[in-house]
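Just below is one structure, and these are the notes that go with it.
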Amino acid sequence: MSARTSGERIGPKGDDKGRWRLWGPYLSERQWGTVREDYSDGGDAWSYFPHDHARSRAYRWGEDGLGGICDEKQRLCLALALWNGRDPILKERAFGLTNSEGNHGEDVKEYYFYLDSTPSHSYLKYLYKYPQGEFPYTDLVAVNTARTKQDFEYELLDTGVFDDDRYFDVTVEYAKADFDDVLARITVANRGPDEATVHVLPTLWFRNTWSWHPNGAEKPQLSAVDGPRGTTTVRAVHPELGSYDCRFAASVPVLFTENETNNERLFGTPNASPYVKDGIGRHVVDGESGALNPAREGTRAAAHHILTLPAGGSETLRLRLGPSGTQLSLARGFDTVFKDRIAEADAFYGELTPKGASEDEARVLRQALAGMLWTKQYYLFDLEAWLNEHGLDPWSLPRPGVRNREWFHMVSDDIVSMPDKWEYPWFAAWDLAFHTVALSTVDIRFAKEQLELLLQDAYLHPNGQIPAYEWNFADVNPPVHAWAAYFVYMMEERTTGHADHAFLERAFQKLLTNFTWWVNRKDPGGRNVFQGGFLGLDNIGVFDRSAPLPTGGTLEQADGTAWMALYCQSMLQIAVELVEHNPAYEELVLKFVEHYLWIAASMDRVGDLGDELWDEEDGFFYDVLRLPDGQAVRLKVRSLVGLLPLCAATVFRPQQLAKVAGLGERLRRFASRHPSLSVTLASAQAGVAGGPRLLSVVDEKKLLRVLGHLLSEDEFLSPYGIRSLSRHHAEHPYSFWVHGEEYRVGYLPAESDTGMFGGNSNWRGPVWFPMNALVIRALLNLYGFYGDELTVECPTGSGTRMTLFEVAREISDRLARLFLRGEDGRRPVYGGQAKFQDDPHWRDLISFHEYFHGDNGAGIGAAHQTGWTGLVATLMTVFGTLTPGDFLAEPVRRTKR
């Protein structure tokens with residue numbers, strides 16, 4: 001039996017009840033500074049619950065830790081704590097800057113890496129690099145706060161704390177002997193030139209579920225119990241989870257306290273108990289003997305190991321967490337379990353890796369998917385309870401500083417794929433859709449679960465809106481769930497032969513509600529020109545699209561309208577797929593055909609009109625600003641906003657359309673009733689008899705003109721993918737003046753120089769993976785229609801002509817090149833960081849950043865956002881298995897050249 005289907009230990013097949021997912025890396029890496037934990041009057045989440053409070057204050061809604069695991073409801077947690085003998089506090093969680101600190105806020109300042117994971121987390125591997133000198137908490141904040149947006153970030157390596165390799169590599173591995181029997185190895189290596197001592201404290205604790213209930217809740221308990229000689233055992237008894245033992249392979253002291261807030265330290269009020277959350281740290285770091293419970297019981301406990309390692313030396317600690325009363329041997333069979341789980345993981349990824357891939361390509365693919373699987377989090381947020389705790393009920397008036405007032409219905413109590421468990425430890429709707437595309441490469445079942453999650457009644461607003469993200473659930477993210485659902489459905493059929501129509505139908509029925517919300521809420525003029533607002537692209541435009549326009553009037557968005565065209569096409573694809581099993585979907589096929597035709601026509605009405613999105617002179621799509629006096633002005637910024645219409649391109653095969661009875665006749669009647677749409681309709685019908693049909697916002701003439709911009713290295717095409725803003729604006733920034741104030745958009749290959757959206761995001765030049773993925777998807781669809789007879793210059797002006805399939809592969813290869821070691825031995829993602837480029841203990845560790853420098857490919861933004869940058873794994877596997885023939889199964893139109 002192959003590794004991919006070897007049962008519940010590796011993947012979901014055979015594990016119908018999901019038992020092997022009971023334990024996983026579901027622990028957040030930052031719970032402080034989140035909206036969930038914010039009970040301030042002004043809604044300043046970062047200041048209300050800062051990093052300094054995290055070690056002393058019990059969380060309300062979740063837990064965080066280093067390289068940790070927990071059960072699926074985060075009742076019992078296990079994670080790493082460290083102390084190098086010099087730090088002022090115990091290292092229990094990753095440190096980073098808040099939103100207002102530095103030229104890139106919300107930024108983790110640590111080095112940790114997800115090295116391996118199977119879908120069921122039968123094997124996990126994580127690496128943390130811990131300095132031997134005092135961790136520069138104050139220095140990082142002070143220097144970054146003093147720097148401007150024109151300065152480089154001040155990183156942990158820049159502080160000198162890793163000089164002379166004076167640090168520890170701390171590797172944490174987990175292997176499951178059974179679904180509820182988890183073995184762990186913690187290997188600490190001294191990379192420095194001298195002997196060094198480190199305190200290693202594997203910590204077990206219960207999430208505080210008892211303090212928030214007015215009538216009280218049964219409190220779980222940790223306690224020391226006798227175990228085999230030479231070991232130390234902590235028993236964890238929970239009213240829901242049952243009884244577990246955590247056994248350590250050494251006779252070491254176990255330090256007990258309570259997971260309760262130290263009110264005395266933080267607020268100057270008495271503690272209910274002398275044993276509080278920071279008791280272990282106060283004992284180890286400050287020597288406070290009274291900080292621990294001498295009765296050796298509590299709700300938080302740590303086994304205290306002190307390791308003195310010679311230069312270059314290492315030591316491995318063992319522990320095992322499993323049901324009480326079972327054999328939890330730390331010797332017999334322990335290494336065999338690890339050996340077996342690692343072998344299974346190797347075989348699993350061996351099958352995923354395309355034949356002929358290099359060792360480095362296999363490494364990048366595996367670490368990308370490991371990051372996807374590690375970046376899951378148990379996410380608990382009961383909005384009614386939280387709003388009630390803020391003094392609101394569904395009928396009370398809005399109050400400043402309290403977010404998400406209209407989301408009383410929402411309850412999240414699930415494992416959710418996160419963009420990044422430190423910088424973005426909350427789900428984001430459109431991020432999540434892209435996550436599922438990447439996750440479908442490694443775990444179809446989880447991908448489908450995630451797509452359906454936000455469509456459940458516990459999430460989806462009764463009005464049909466999908467919640468965006470916890471800072472503002474009512475914000476508007478691009479509608480990509482239908483596309484992702486169809487992609488995942490097709491991916492499953494391609495890889496397993498099973499077409500899950502039930503999943504597709506469930507998703508479609510809920511998406512109908514969301515589509516209706518879009519049509520009713522975001523097309524205020526009823527002209528099929530959409531005004532989505534924020535749409536995830538932050539500062540890409542002239543104005544903050546989430547705020548009222550300084551000019552007054554409205555903004556007709558090329559991207560908002562293109563997103564809706566793609567939404568229509570995706571819903572149409574799903575409806576056509578479902579018709580085969582239920583003829584009732586024929587009417588919905590026709591509904592989405594007609595919706596699409598109206599939207600496509602609205603983007604480029606017949607004639608060269610000054611108030612439409614298409615600019616004939618430039619050969620590009622732009623937003624249109626409609627002023628209160630009726631004037632219309634094109635905002636001529638060449639950005640992804642104008643490339644998105646290219647992405648609304650979908651090919652339908654004759655056998656698909658043949659499923660819909662009377663489709664041709666209905667389209668003819670529609671055309672006769674609406675002659676102004678005849679050009680759009682003709683485009684939708686173009687092709688040889690019996691060949692494919694193309695739905696595309698751009699016809700061939702517009703396609704070639706837009707591709708001229710897209711594939712120009714002086715505009716969008718960088719050595720590492722498609723930029724988010726044309727490099728044309730480096731020398732020709734766009735300016736718009738309002739009441740004597742200039743609104744300006746210029747090309748920025750790296751960090752943002754604007755405070756818009758806190759200044760921690762930049763769509764004004766860098767390469768972003770999700771938009772590149774949509775461009776590649778469009779090119780493959782267009783190739784399926786135009787075939788080999790349509791070629792374009794790539795790069796523009798080079799004289800080299802490529803088919804659209806070859807262009808798609810070229811862009812994909814450029815994206816992968818970000819992470820692969822080039823001929824010079826360097827990885828572009830690490831730019832000029834010599835440590836990552838040259839050091840043997842760093843050079844094969846890959847960070848999958850939020851976005852990438854538009855000129856040199858250096859990673860920027862969140863350093864662990866495999867959430868959507870993990871798409872590189874999908875691209876590598878797709879182009880490792882697909883050929884042009886996969887898109888040319890039918891005759892294609894013949895073009896004369």
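How things are named: the first chain in the structure tokens is A, the next is B, and so on; residues count from 1 in each chain; ligands count from 1 in the order shown.
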With a distance cut-off of 10 Å and only C-alpha atoms, select the neighbouring residues of A:Leu704, excluding the residue or stretch itself and same-chain residues fewer than 3 positions from it, and output the selection as an MDAnalysis selection string. chainID A and resid 619 698:701 707:710 790:793
Would you output that residue set with C-alpha atoms, as a PDB file, in the first residue's frame?
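Writing done, so here's again_2.pdb:
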```
ATOM      1  CA  GLY A 619      -4.650  49.165 -23.417  1.00  0.00           C
ATOM      2  CA  VAL A 698     -10.909  40.405 -22.561  1.00  0.00           C
ATOM      3  CA  ASP A 699     -11.146  39.525 -26.228  1.00  0.00           C
ATOM      4  CA  GLU A 700      -8.033  38.569 -28.202  1.00  0.00           C
ATOM      5  CA  LYS A 701      -7.152  42.169 -29.041  1.00  0.00           C
ATOM      6  CA  LEU A 707      -0.153  40.853 -21.892  1.00  0.00           C
ATOM      7  CA  GLY A 708       2.181  43.434 -23.394  1.00  0.00           C
ATOM      8  CA  HIS A 709       2.137  45.205 -20.009  1.00  0.00           C
ATOM      9  CA  LEU A 710       2.086  42.013 -17.930  1.00  0.00           C
ATOM     10  CA  LEU A 790      -1.465  32.088 -30.273  1.00  0.00           C
ATOM     11  CA  THR A 791       2.010  33.115 -29.140  1.00  0.00           C
ATOM     12  CA  VAL A 792       3.250  36.256 -27.413  1.00  0.00           C
ATOM     13  CA  GLU A 793       6.621  37.808 -26.721  1.00  0.00           C
TER      14      GLU A 793
END
```
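Computed from the coordinates, the atom CA of A:Ala362 to atom CA of A:Gln833 distance equals 23.0 Å.
Closest approach to A:Lys339 from the set A:Trp83, A:Trp32, A:Phe852, A:Tyr174 is made by A:Tyr174, with distances taken over only C-alpha atoms.
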Close residues, stretch 384-399 of chain A itself excluded, 10 Å, only C-alpha atoms, min 4 positions apart in chain, as a list in words: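 Once the adjacent positions are removed, what remains is Arg36, Glu37, Asp38, Tyr39, Ser40, Asp41, Gly42, Arg60, Trp61, Arg403, Asn404, Arg405, Glu406, Trp407, Phe408, His409, Met410 and Val411 of chain A.
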Identify, on the basis of only C-alpha atoms, every residue whose closest approach to A:Ala368 does not exceed 8 Å; exclude the query and any residue fewer than 6 positions from it along the same chain; express the result as a PyMOL selection string. chain A and resi 848+866+869-870+872-873
Using only C-alpha atoms, which of the listed residues (A:Leu66, A:Glu134, A:Asp838, A:Lys659) sits closest to A:Asp824?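 Under the stated criterion, the closest residue is A:Asp838.
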Go through A:Tyr747, A:Trp737, A:Phe256, A:Phe113 one by one, measure the shortest atom-to-atom distance of each to A:Trp205 using only C-alpha atoms, and give the residue with the smallest value.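 Nearest candidate to A:Trp205 out of A:Tyr747, A:Trp737, A:Phe256, A:Phe113: A:Phe256.
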Residues near A:Arg57, anyone? I mean within 9 Å using only C-alpha atoms, not counting same-chain ones fewer than 3 positions away, as a PyMOL selection string. chain A and resi 49+53-54+259-263+266+276-278
So that I have them on file, write out the residues from the current selection with C-alpha atoms, as a PDB file, in the first residue's frame.
```pdb
ATOM      1  CA  PHE A  49      -2.806  43.090  26.120  1.00  0.00           C
ATOM      2  CA  HIS A  53       1.378  40.881  30.123  1.00  0.00           C
ATOM      3  CA  ALA A  54       1.381  37.557  28.309  1.00  0.00           C
ATOM      4  CA  ASN A 259      -2.867  29.188  34.872  1.00  0.00           C
ATOM      5  CA  GLU A 260      -4.317  32.252  36.622  1.00  0.00           C
ATOM      6  CA  THR A 261      -3.650  35.969  36.210  1.00  0.00           C
ATOM      7  CA  ASN A 262      -1.094  37.664  38.451  1.00  0.00           C
ATOM      8  CA  ASN A 263      -3.394  40.590  39.297  1.00  0.00           C
ATOM      9  CA  LEU A 266      -0.363  43.787  36.523  1.00  0.00           C
ATOM     10  CA  VAL A 276      -0.239  32.283  39.252  1.00  0.00           C
ATOM     11  CA  LYS A 277       0.671  31.968  35.577  1.00  0.00           C
ATOM     12  CA  ASP A 278       4.163  33.486  35.820  1.00  0.00           C
TER      13      ASP A 278
END
```
